[in-house]
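First up is the structure itself, then whatever we jot down about it.
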There are 2 protein chains.
Amino acid sequence: MATDPLSRAFGALADPTRRTILERLAAGEAGVMELAAASTLTQPAITKHLKVLERAGLIGRERNGQRRPARLHLEGLLPVDDWLRQARAEWSARFERLEVHLAAQSESAITEENPDA
Amino acid sequence: MATDPLSRAFGALADPTRRTILERLAAGEAGVMELAAASTLTQPAITKHLKVLERAGLIGRERNGQRRPARLHLEGLLPVDDWLRQARAEWSARFERLEVHLAAQSESAITEENPDA
DNA sequence: CTTGACTTTTACCATCTAGTTATATAACCT
DNA sequence: AGGTTATATAACTAGATGGTAAAAGTCAAG
C-alpha cells in the first residue's frame with residue numbers, strides 16, 4: 001500500500017473488520033478485548049487493525065489505567081471526504097458535458113437525415 | 001482484500017496510480033497505451049490497475065476497433081458515498097453527544113465547586 | 001492472409017497483508 | 001512479591017498485490 005495519507009485512509013476503510021470497528025466506536029470508546037470479543041478474530045489481530053486505523057488518522061488511543069481504549073477521530077475522514085467531493089464534482093461536470101455533446105450529435109444526425117428540417 | 005463491493009471500491013481508491021487514472025479519465029476516455037505513456041509504469045501494469053478499477057465498478061471498458069478505452073462509471077462511487085455519508089452522520093451525532101456530555105460535566109463540576117451558584 | 005498496432009495473458013518474482021500461536025510488557029490488586 | 005487483566009510484540013504461514021518481460025490474442029488495413 002502506498003504511504004500517502006489519502007491512500008492510508010482509503011486502505012484502512014477497505015476492510016470490513018476495520019469498518020465494523022469504526023462503527024462500533026461510533027457508540028463510544030472501546031478496548032481491544034471488547035472489540036475482540038465482538039469479533040471472530042483473536043486479540044492480536046484486533047491490535048493490528050487498530051494500528052492500521054491509527055496510522056490512517058481514523059482513531060486515537062489513550063492510556064486509561066491498564067486499558068488503552070480506542071476512540072474515533074473524525075478528522076481522519078477529511079482527506080477522503082475532500083477527494084470524494086472533488087471527484088464527484090469533476091465527474092459530474094464531465095458527464096454533463098458528455099450528455100450535451102451526445103444531444104448535439106443526435107440533433108445533427110437528425111438534421112442530416114432530414115435536410116429540410 | 002475482502003470481496004464485498006464496498007471493500008473493492010475503497011481498495012481500488014487506495015492507490016495513487018489508480019486515482020491518477022480516474023482523474024485522467026475525468027477528462028474523457030483513454031486507452032491503455034495513453035495511460036501507460038502518462039505513467040512510469042509499463043502497459044501491462046496499467047491493464048492490471050484497470051481491471052481492479054473495473055471490478056470495483058469505477059470504470060467500464062468498451063471495444064472500439066482495436067482500442068479498448070476505459071471510461072468512468074460514476075455509479076461506482078455510490079457505495080463509498082453512502083457509507084461516508086452515514087458514517088459522518090453517526091460520528092457527528094456521537095461527537096455532539098460527547099460535547100454535550102462534557103459541557104454538562106464541567107457545569108456540574110463548577111456547581112460542586114460553587115454550591116451557591 | 002500477412003502485417004502491424006493495441007491489448008491481454010502468462011510466468012515469475014518480491015513485497016505486503018491478515019491471520020495464527022506463543023510470549024512479553026504494563027498496570028492494577030492483594 | 002505474586003496473580004490477574006489488558007495489551008503489545010515476535011515469529012511464522014498462506015494468500016494477495018504490484019511489478020516485470022515475454023508470448024499470445026484481436027482487429028483494421030494493405
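Identifiers for the C-alpha cells are assigned positionally: chains receive A, B, ... in sequence, residues are indexed from 1 per chain, and ligands are indexed from 1 in the order shown.
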Write down as an MDAnalysis selection string the residues of region 38-97 of chain B whose backbone DSSP state falls under alpha helix (DSSP H).
chainID B and resid 43:55 78:97
Once you have the residues from the selection above, write them out as a compact mmCIF listing (two decimals), in the first residue's frame, restricted to N, CA and C atoms.
# COMPACT_ATOMS: atom_id res chain seq x y z
N GLN B 43 2.88 -0.95 -19.68
CA GLN B 43 1.50 -1.07 -20.12
C GLN B 43 0.77 -2.24 -19.47
N PRO B 44 1.38 -3.43 -19.29
CA PRO B 44 0.64 -4.49 -18.58
C PRO B 44 0.25 -4.11 -17.16
N ALA B 45 1.09 -3.33 -16.51
CA ALA B 45 0.74 -2.89 -15.15
C ALA B 45 -0.53 -2.05 -15.19
N ILE B 46 -0.64 -1.19 -16.20
CA ILE B 46 -1.84 -0.36 -16.33
C ILE B 46 -3.07 -1.24 -16.56
N THR B 47 -2.92 -2.26 -17.39
CA THR B 47 -4.03 -3.19 -17.62
C THR B 47 -4.51 -3.79 -16.31
N LYS B 48 -3.56 -4.17 -15.45
CA LYS B 48 -3.96 -4.73 -14.15
C LYS B 48 -4.72 -3.72 -13.32
N HIS B 49 -4.22 -2.50 -13.28
CA HIS B 49 -4.92 -1.46 -12.50
C HIS B 49 -6.33 -1.24 -13.06
N LEU B 50 -6.43 -1.27 -14.39
CA LEU B 50 -7.76 -1.07 -14.98
C LEU B 50 -8.71 -2.19 -14.56
N LYS B 51 -8.19 -3.40 -14.44
CA LYS B 51 -9.05 -4.49 -14.00
C LYS B 51 -9.54 -4.27 -12.58
N VAL B 52 -8.67 -3.79 -11.73
CA VAL B 52 -9.09 -3.52 -10.35
C VAL B 52 -10.19 -2.46 -10.36
N LEU B 53 -9.99 -1.41 -11.14
CA LEU B 53 -10.99 -0.36 -11.20
C LEU B 53 -12.30 -0.88 -11.79
N GLU B 54 -12.19 -1.78 -12.74
CA GLU B 54 -13.40 -2.31 -13.38
C GLU B 54 -14.18 -3.19 -12.38
N ARG B 55 -13.45 -4.05 -11.66
CA ARG B 55 -14.11 -4.90 -10.67
C ARG B 55 -14.76 -4.06 -9.57
N LEU B 78 -21.07 5.33 -5.66
CA LEU B 78 -22.25 5.41 -4.80
C LEU B 78 -22.09 4.68 -3.47
N PRO B 79 -21.63 3.42 -3.45
CA PRO B 79 -21.49 2.75 -2.14
C PRO B 79 -20.56 3.52 -1.21
N VAL B 80 -19.44 3.99 -1.77
CA VAL B 80 -18.50 4.76 -0.97
C VAL B 80 -19.17 6.01 -0.42
N ASP B 81 -19.88 6.69 -1.30
CA ASP B 81 -20.55 7.91 -0.89
C ASP B 81 -21.57 7.63 0.21
N ASP B 82 -22.34 6.56 0.03
CA ASP B 82 -23.35 6.23 1.03
C ASP B 82 -22.69 5.92 2.38
N TRP B 83 -21.66 5.09 2.35
CA TRP B 83 -21.02 4.73 3.61
C TRP B 83 -20.47 5.98 4.29
N LEU B 84 -19.82 6.82 3.51
CA LEU B 84 -19.20 8.00 4.09
C LEU B 84 -20.26 8.93 4.66
N ARG B 85 -21.37 9.09 3.94
CA ARG B 85 -22.42 9.98 4.42
C ARG B 85 -22.97 9.46 5.75
N GLN B 86 -23.25 8.15 5.79
CA GLN B 86 -23.81 7.59 7.02
C GLN B 86 -22.80 7.68 8.17
N ALA B 87 -21.53 7.38 7.86
CA ALA B 87 -20.51 7.44 8.91
C ALA B 87 -20.40 8.86 9.46
N ARG B 88 -20.38 9.82 8.57
CA ARG B 88 -20.25 11.20 9.02
C ARG B 88 -21.42 11.58 9.90
N ALA B 89 -22.62 11.15 9.50
CA ALA B 89 -23.81 11.46 10.28
C ALA B 89 -23.70 10.84 11.67
N GLU B 90 -23.37 9.54 11.72
CA GLU B 90 -23.30 8.88 13.03
C GLU B 90 -22.18 9.46 13.88
N TRP B 91 -21.02 9.68 13.26
CA TRP B 91 -19.89 10.17 14.04
C TRP B 91 -20.21 11.57 14.56
N SER B 92 -20.77 12.39 13.72
CA SER B 92 -21.09 13.74 14.17
C SER B 92 -22.05 13.68 15.34
N ALA B 93 -23.07 12.81 15.22
CA ALA B 93 -24.02 12.69 16.33
C ALA B 93 -23.28 12.30 17.60
N ARG B 94 -22.40 11.33 17.47
CA ARG B 94 -21.65 10.89 18.64
C ARG B 94 -20.82 12.04 19.20
N PHE B 95 -20.19 12.79 18.33
CA PHE B 95 -19.32 13.85 18.83
C PHE B 95 -20.15 14.95 19.50
N GLU B 96 -21.32 15.19 18.91
CA GLU B 96 -22.16 16.21 19.54
C GLU B 96 -22.62 15.75 20.92
N ARG B 97 -23.05 14.47 21.00
CA ARG B 97 -23.44 13.94 22.32
C ARG B 97 -22.29 14.08 23.29
#### Entry: Residue list for chain B near chain A as a ChimeraX atom specification, 7 Å, only C-alpha atoms
/B:1-2,7-8,10-11,13-16,26-27,74,90-91,94
Using only N, CA and C atoms, please write the residues we just selected to a file, as a JSON list (two decimals), in the first residue's frame.
[["chain", "number", "residue", "atom", "x", "y", "z"],
["B", 1, "MET", "N", -7.59, -8.76, 0.00],
["B", 1, "MET", "CA", -8.70, -7.79, 0.13],
["B", 1, "MET", "C", -10.02, -8.53, 0.16],
["B", 2, "ALA", "N", -10.93, -8.00, 0.95],
["B", 2, "ALA", "CA", -12.29, -8.57, 1.00],
["B", 2, "ALA", "C", -12.97, -8.38, -0.35],
["B", 7, "SER", "N", -15.69, -2.82, -0.02],
["B", 7, "SER", "CA", -14.25, -3.02, 0.17],
["B", 7, "SER", "C", -13.51, -2.91, -1.16],
["B", 8, "ARG", "N", -14.11, -3.42, -2.22],
["B", 8, "ARG", "CA", -13.46, -3.32, -3.53],
["B", 8, "ARG", "C", -13.33, -1.87, -3.95],
["B", 10, "PHE", "N", -13.26, 0.88, -1.97],
["B", 10, "PHE", "CA", -12.24, 1.53, -1.13],
["B", 10, "PHE", "C", -10.85, 1.04, -1.52],
["B", 11, "GLY", "N", -10.72, -0.25, -1.73],
["B", 11, "GLY", "CA", -9.41, -0.79, -2.09],
["B", 11, "GLY", "C", -8.91, -0.23, -3.41],
["B", 13, "LEU", "N", -9.50, 2.63, -4.61],
["B", 13, "LEU", "CA", -9.12, 4.03, -4.44],
["B", 13, "LEU", "C", -7.87, 4.19, -3.58],
["B", 14, "ALA", "N", -7.41, 3.10, -2.96],
["B", 14, "ALA", "CA", -6.28, 3.18, -2.03],
["B", 14, "ALA", "C", -4.95, 3.09, -2.76],
["B", 15, "ASP", "N", -4.88, 3.58, -3.95],
["B", 15, "ASP", "CA", -3.65, 3.51, -4.73],
["B", 15, "ASP", "C", -3.54, 4.76, -5.59],
["B", 16, "PRO", "N", -2.44, 5.51, -5.45],
["B", 16, "PRO", "CA", -2.32, 6.77, -6.18],
["B", 16, "PRO", "C", -2.34, 6.57, -7.68],
["B", 26, "ALA", "N", -11.48, 11.53, -16.02],
["B", 26, "ALA", "CA", -12.49, 12.57, -15.85],
["B", 26, "ALA", "C", -12.48, 13.51, -17.05],
["B", 27, "ALA", "N", -11.35, 13.57, -17.76],
["B", 27, "ALA", "CA", -11.26, 14.44, -18.93],
["B", 27, "ALA", "C", -11.73, 13.72, -20.19],
["B", 74, "LEU", "N", -19.69, 6.62, -13.00],
["B", 74, "LEU", "CA", -19.98, 7.44, -11.83],
["B", 74, "LEU", "C", -20.64, 6.63, -10.72],
["B", 90, "GLU", "N", -23.37, 9.54, 11.72],
["B", 90, "GLU", "CA", -23.30, 8.88, 13.03],
["B", 90, "GLU", "C", -22.18, 9.46, 13.88],
["B", 91, "TRP", "N", -21.02, 9.68, 13.26],
["B", 91, "TRP", "CA", -19.89, 10.17, 14.04],
["B", 91, "TRP", "C", -20.21, 11.57, 14.56],
["B", 94, "ARG", "N", -22.40, 11.33, 17.47],
["B", 94, "ARG", "CA", -21.65, 10.89, 18.64],
["B", 94, "ARG", "C", -20.82, 12.04, 19.20]]
Exercise for review: Pull out every residue of chain C sitting within 9 Å of chain B, counting only C-alpha atoms (C1' of nucleotides), and send them as a ChimeraX atom specification.
Suggested key: /C:5-8,17
Check: Taking only C-alpha atoms (C1' of nucleotides) into account, what are the residues of chain D at most 10 Å from chain B, put as an MDAnalysis selection string?
Finding: chainID D and resid 16:20 26:28
Between C1' of DT25 (chain C) and C1' of DA1 (chain D) lies a distance of 17.3 Å
